[in-house]
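What follows is a short report on a single structure.
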Amino acid sequence: MISPKKYARAAKRLPEGFKTINEFFNYVYNDDEMIWMGQNTNHLHEENDIMYSMLESVKNKDYCKYPPPEGFPELKDLILQDLGLTEGYDILVTAGGTESLYLCMNDILDPTNNVITCDPGYLIIDNFASRFADHVKSIPIYNKECGYKLTPELVRENMDENTKLISLVDPLNPLGSCYTKGEIKEFADMAIDNDLYLLHDITYRDFARDHHLVAKYAPENTVTVYSFSKIYGMAGLRIGALISAPDVVDSIKTIVINDLGTNVVAQKGALAALKSKPEWLGRIRDTTRGNQKIIKEAVDNVEGAYLPVYPSDGNMFVIDLVETGVEPVNIAEYLLKKKIFAREGAYTSKLFGHRYLRVSFSIPQEQVEKFAFHFEEGMKALRSK
Ligand SMILES: Cc1ncc(COP(=O)(O)O)c(C=O)c1O
């Protein structure tokens with residue numbers, strides 16, 4: 001078995017033929033045959049109101065004007081309605097959940113604070129937190145006992161008087177684990193009792209079978225991060241939002257960089273996406289859940305491979321390969337040659353990246369079937385080497 005340290009070095013290896021990571025992304029982006037299972041994007045929207053409203057906006061040349069800096073009021077209201085957070089909250093529309101994450105860290109954290117995150121997790125959160133806090137405590141959660149998530153118990157064991165923020169990615173990228181109502185309430189109480197903030201990143205919320213908002217139980221202590229990249233299928237448009245108590249949002253507004261507002265065409269698309277959600281949500285969820293089953297069958301056919309979290313409450317999960325002896329980076333490269341983009345574990349874990357491949361499955365069923373075939377073939381070929 002390759003050690004995590006050695007793996008970290010190996011994982012930095014770029015796929016053959018690429019000099020920089022940007023070159024690599026440019027290649028996968030521009031190859032029309034590439035199957036996208038590498039960035040949890042959603043390719044299941046058909047031609048619909050989201051697309052038409054953006055085309056209309058371009059035809060009207062809306063893009064000549066700056067939009068209102070905090071977002072169109074109608075869009076702000078619709079996002080709050082979507083979450084059922086109508087009274088006592090404020091919202092800022094941002095260039096993706098990513099900008100919201102950064103603003104939250106920048107505003108809330110001081111150099112004496114520490115932040116609790118988890119590993120595996122969404123590593124840019126650790127990166128942003130480490131720019132403003134003294135340090136980040138990334139708690140290992142890759143085990144059955146804690147349900148592959150950061151539990152209230154683990155947070156209690158790891159927090160101290162300098163802990164200022166706890167990051168909950170829910171459902172969790174990359175594992176697809178999600179919180180129960182009881183756990184969410186416990187986190188809310190913990191935040192109130194200890195005067196902490198909870199960063200509730202709900203980027204994958206609409207894929208979950210059941211989902212609860214910390215903001216409902218601890219509105220003054222929660223920053224909720226919202227994204228249009230996943231369920232709405234708008235990753236390239238770079239639009240999201242942050243929601244919190246009005247005084248928290250007021251404070252965040254003072255450190256905004258993008259003070260001339262968020263892309264107007266993206267906001268028009270987001271408006272249409274929220275208005276038309278009941279028309280497409282069920283189909284996208286059903287397809288995504290059906291796709292999980294196809295992948296599970298393929299994984300079950302590979303001796304030693306398994307899914308730590310199944311079913312996933314996100315549009316992704318991880319396939320543990322450690323007992324197969326095949327390195328995730330090698331199967332990722334094999335799949336790339338078959339025009340399937342998936343990601344080895346190092347992108348979402350410093351400690352467990354040597355164990356798994358992460359795949360997302362909000363793509364058409366026939367593409368998932370192609371993955372299933374090549375995954376089985378690839379594992380056979382690599383195992384015999
Ligand atoms: C947990 C999590 N938060 C935020 C983001 C970024 O979202 P956006 O595209 O809205 O910036 C991602 C993207 O993969 C993510 O996995």
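As shown in the structure tokens, the chain order sets the letters A, B, ...; within each chain, residues go from 1, and ligands are also counted from 1 in the order they appear.
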If we count only C-alpha atoms, what is near Val322 (chain A) at a cut-off of 8 Å, once residues fewer than 3 positions away on the same chain are taken out, given as a ChimeraX atom specification?
-> /A:1,304-305,325-327,354-356
Could you save the residues just selected, with N, CA and C atoms, as an mmCIF file, in the first residue's frame?
data_model
loop_
_atom_site.group_PDB
_atom_site.id
_atom_site.type_symbol
_atom_site.label_atom_id
_atom_site.label_comp_id
_atom_site.auth_asym_id
_atom_site.auth_seq_id
_atom_site.Cartn_x
_atom_site.Cartn_y
_atom_site.Cartn_z
ATOM 1 N N MET A 1 0.851 -1.211 0.000
ATOM 2 C CA MET A 1 0.000 0.000 0.000
ATOM 3 C C MET A 1 0.879 1.251 0.000
ATOM 4 N N GLY A 304 -12.590 -6.202 -3.675
ATOM 5 C CA GLY A 304 -11.809 -5.285 -2.826
ATOM 6 C C GLY A 304 -12.299 -3.840 -2.886
ATOM 7 N N ALA A 305 -13.019 -3.481 -3.953
ATOM 8 C CA ALA A 305 -13.512 -2.093 -4.062
ATOM 9 C C ALA A 305 -14.846 -1.975 -3.330
ATOM 10 N N GLY A 325 -5.249 -2.680 -4.417
ATOM 11 C CA GLY A 325 -3.849 -2.463 -4.792
ATOM 12 C C GLY A 325 -3.701 -1.497 -5.970
ATOM 13 N N VAL A 326 -4.805 -1.031 -6.524
ATOM 14 C CA VAL A 326 -4.731 -0.087 -7.651
ATOM 15 C C VAL A 326 -4.766 1.335 -7.089
ATOM 16 N N GLU A 327 -3.809 2.148 -7.528
ATOM 17 C CA GLU A 327 -3.780 3.519 -7.034
ATOM 18 C C GLU A 327 -4.840 4.361 -7.742
ATOM 19 N N HIS A 354 -5.113 8.581 -0.770
ATOM 20 C CA HIS A 354 -4.511 7.404 -1.403
ATOM 21 C C HIS A 354 -5.505 6.246 -1.499
ATOM 22 N N ARG A 355 -6.679 6.411 -0.864
ATOM 23 C CA ARG A 355 -7.625 5.284 -0.793
ATOM 24 C C ARG A 355 -8.677 5.284 -1.907
ATOM 25 N N TYR A 356 -9.027 6.478 -2.415
ATOM 26 C CA TYR A 356 -10.260 6.477 -3.209
ATOM 27 C C TYR A 356 -10.244 7.312 -4.506
#
Would you mind listing, for every residue of region 268-353 of chain A within 7 Å of region 204-219 of chain A, the two atoms forming the shortest contact and the distance between them in Å to one decimal, using only C-alpha atoms, sorted by chain and ascending residue number, as JSON lines?
{"residue": "A:Arg285", "atom": "CA", "partner": "A:Phe207", "partner_atom": "CA", "distance": 6.1}
{"residue": "A:Asp313", "atom": "CA", "partner": "A:Ala208", "partner_atom": "CA", "distance": 4.2}
{"residue": "A:Gly314", "atom": "CA", "partner": "A:Phe207", "partner_atom": "CA", "distance": 5.1}
{"residue": "A:Asn315", "atom": "CA", "partner": "A:Phe207", "partner_atom": "CA", "distance": 6.3}
Output as a PyMOL selection string all residues of region 38-227 of chain A that backbone DSSP marks as strand (DSSP E).
-> chain A and resi 90-94+114-119+135-140+163-169+197-201+222-227
Could you list, as a PyMOL selection string, all the residues within 10 Å of ligand 1, counting only C-alpha atoms and all ligand atoms?
-> chain A and resi 38-41+94-101+121-125+168-174+200-204+225-230+233-241+314+316+348
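Of the listed residues (A:Val155, A:Asn127, A:Gly176, A:Asp31), A:Asp31 comes nearest to Lys339 (chain A); the distances count only C-alpha atoms.
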Which of region 10-227 of chain A fall in helix (DSSP H, G or I), as a ChimeraX atom specification | /A:10-11,21-30,49-59,62-64,73-83,96-108,123-132,144-146,152-158,181-194,205-207,214-216,219-221
Point out the residue among A:Asp49, A:Glu16, A:Asp126, A:Glu23 with the least atom-to-atom distance to Trp280 (chain A), counting only C-alpha atoms.
->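 Closest to Trp280 (chain A), using only C-alpha atoms: A:Asp49.
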Name the residues in contact with Glu161 (chain A) at a cut-off of 12 Å, using only C-alpha atoms, excluding same-chain residues fewer than 4 positions from it; report them as a VMD selection string.
-> chain A and resid 112 to 115 156 165 194 to 196
Sorted by chain and rising residue number, which residues of region 258-373 of chain A lie within 12 Å of region 136-154 of chain A, and what are their closest atom pairs and distances in Å to one decimal, counting only C-alpha atoms, as a tab-separated table?
residue	atom	partner	partner_atom	distance
A:Leu307	CA	A:Tyr148	CA	11.4
A:Pro308	CA	A:Lys144	CA	7.8
A:Val309	CA	A:Tyr148	CA	7.5
A:Tyr310	CA	A:Tyr148	CA	11.0
A:Ser312	CA	A:Tyr148	CA	11.2
A:Phe317	CA	A:Tyr148	CA	11.4
A:Val318	CA	A:Tyr142	CA	10.9
A:Asp320	CA	A:Tyr142	CA	10.7
A:Gly345	CA	A:Tyr142	CA	12.0
A:Thr348	CA	A:Tyr142	CA	11.7
A:Ser349	CA	A:Pro140	CA	9.4
A:Lys350	CA	A:Ser138	CA	9.5
A:Leu351	CA	A:Pro140	CA	7.6
A:Phe352	CA	A:Tyr142	CA	7.4
A:Gly353	CA	A:Tyr142	CA	10.4
A:Arg355	CA	A:Tyr142	CA	10.2
A:Tyr356	CA	A:Tyr142	CA	10.9
Those same residues, written as a tab-separated table (two decimals), in the first residue's frame with N, CA, C and O atoms?
chain	number	residue	atom	x	y	z
A	307	LEU	N	-18.02	1.07	-1.62
A	307	LEU	CA	-18.51	2.44	-1.44
A	307	LEU	C	-18.71	2.68	0.06
A	307	LEU	O	-19.63	2.10	0.64
A	308	PRO	N	-17.89	3.50	0.69
A	308	PRO	CA	-18.07	3.75	2.12
A	308	PRO	C	-19.44	4.35	2.44
A	308	PRO	O	-20.06	3.99	3.43
A	309	VAL	N	-19.93	5.24	1.60
A	309	VAL	CA	-21.24	5.85	1.82
A	309	VAL	C	-22.13	5.51	0.62
A	309	VAL	O	-21.82	5.88	-0.51
A	310	TYR	N	-23.19	4.76	0.90
A	310	TYR	CA	-24.16	4.42	-0.15
A	310	TYR	C	-25.52	4.20	0.48
A	310	TYR	O	-25.62	3.48	1.46
A	312	SER	N	-25.53	7.87	-1.58
A	312	SER	CA	-25.01	9.20	-1.29
A	312	SER	C	-26.16	10.20	-1.29
A	312	SER	O	-27.09	10.06	-2.09
A	317	PHE	N	-19.91	10.36	-4.90
A	317	PHE	CA	-19.44	9.59	-3.76
A	317	PHE	C	-18.02	9.11	-4.04
A	317	PHE	O	-17.47	9.42	-5.10
A	318	VAL	N	-17.45	8.37	-3.08
A	318	VAL	CA	-16.10	7.89	-3.32
A	318	VAL	C	-16.11	6.37	-3.43
A	318	VAL	O	-16.92	5.69	-2.79
A	320	ASP	N	-13.74	3.30	-2.66
A	320	ASP	CA	-12.51	2.95	-1.96
A	320	ASP	C	-11.82	1.82	-2.71
A	320	ASP	O	-12.42	0.78	-3.00
A	345	GLY	N	-8.47	10.76	-5.02
A	345	GLY	CA	-8.80	11.29	-3.70
A	345	GLY	C	-8.01	12.49	-3.20
A	345	GLY	O	-8.50	13.25	-2.36
A	348	THR	N	-9.51	15.94	-2.43
A	348	THR	CA	-10.44	16.20	-1.33
A	348	THR	C	-9.95	15.63	0.00
A	348	THR	O	-10.72	15.65	0.97
A	349	SER	N	-8.74	15.14	0.04
A	349	SER	CA	-8.25	14.62	1.32
A	349	SER	C	-6.73	14.62	1.37
A	349	SER	O	-6.07	14.16	0.43
A	350	LYS	N	-6.20	15.12	2.48
A	350	LYS	CA	-4.74	15.03	2.68
A	350	LYS	C	-4.39	13.69	3.32
A	350	LYS	O	-3.31	13.18	3.15
A	351	LEU	N	-5.34	13.13	4.10
A	351	LEU	CA	-5.04	11.92	4.87
A	351	LEU	C	-5.47	10.63	4.18
A	351	LEU	O	-4.87	9.58	4.39
A	352	PHE	N	-6.53	10.69	3.41
A	352	PHE	CA	-7.12	9.45	2.88
A	352	PHE	C	-7.15	9.41	1.34
A	352	PHE	O	-7.75	8.52	0.76
A	353	GLY	N	-6.53	10.41	0.74
A	353	GLY	CA	-6.57	10.53	-0.72
A	353	GLY	C	-6.01	9.32	-1.45
A	353	GLY	O	-6.38	9.05	-2.59
A	355	ARG	N	-6.68	6.41	-0.86
A	355	ARG	CA	-7.63	5.28	-0.79
A	355	ARG	C	-8.68	5.28	-1.91
A	355	ARG	O	-9.20	4.25	-2.26
A	356	TYR	N	-9.03	6.48	-2.42
A	356	TYR	CA	-10.26	6.48	-3.21
A	356	TYR	C	-10.24	7.31	-4.51
A	356	TYR	O	-9.41	8.20	-4.68
Expressed in Å to a single decimal, how great is the separation between CA of Phe128 (chain A) and CA of Asp250 (chain A)?
-> 20.5 Å
Which is closest to Thr262 (chain A) among A:Ile294, A:Val93, A:Leu80, A:Leu14, if we use only C-alpha atoms?
->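 With only C-alpha atoms as the atom set, the closest residue is A:Val93.
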So what do you get for CA of Asn263 (chain A) versus CA of His45 (chain A), distance-wise?
-> 20.6 Å
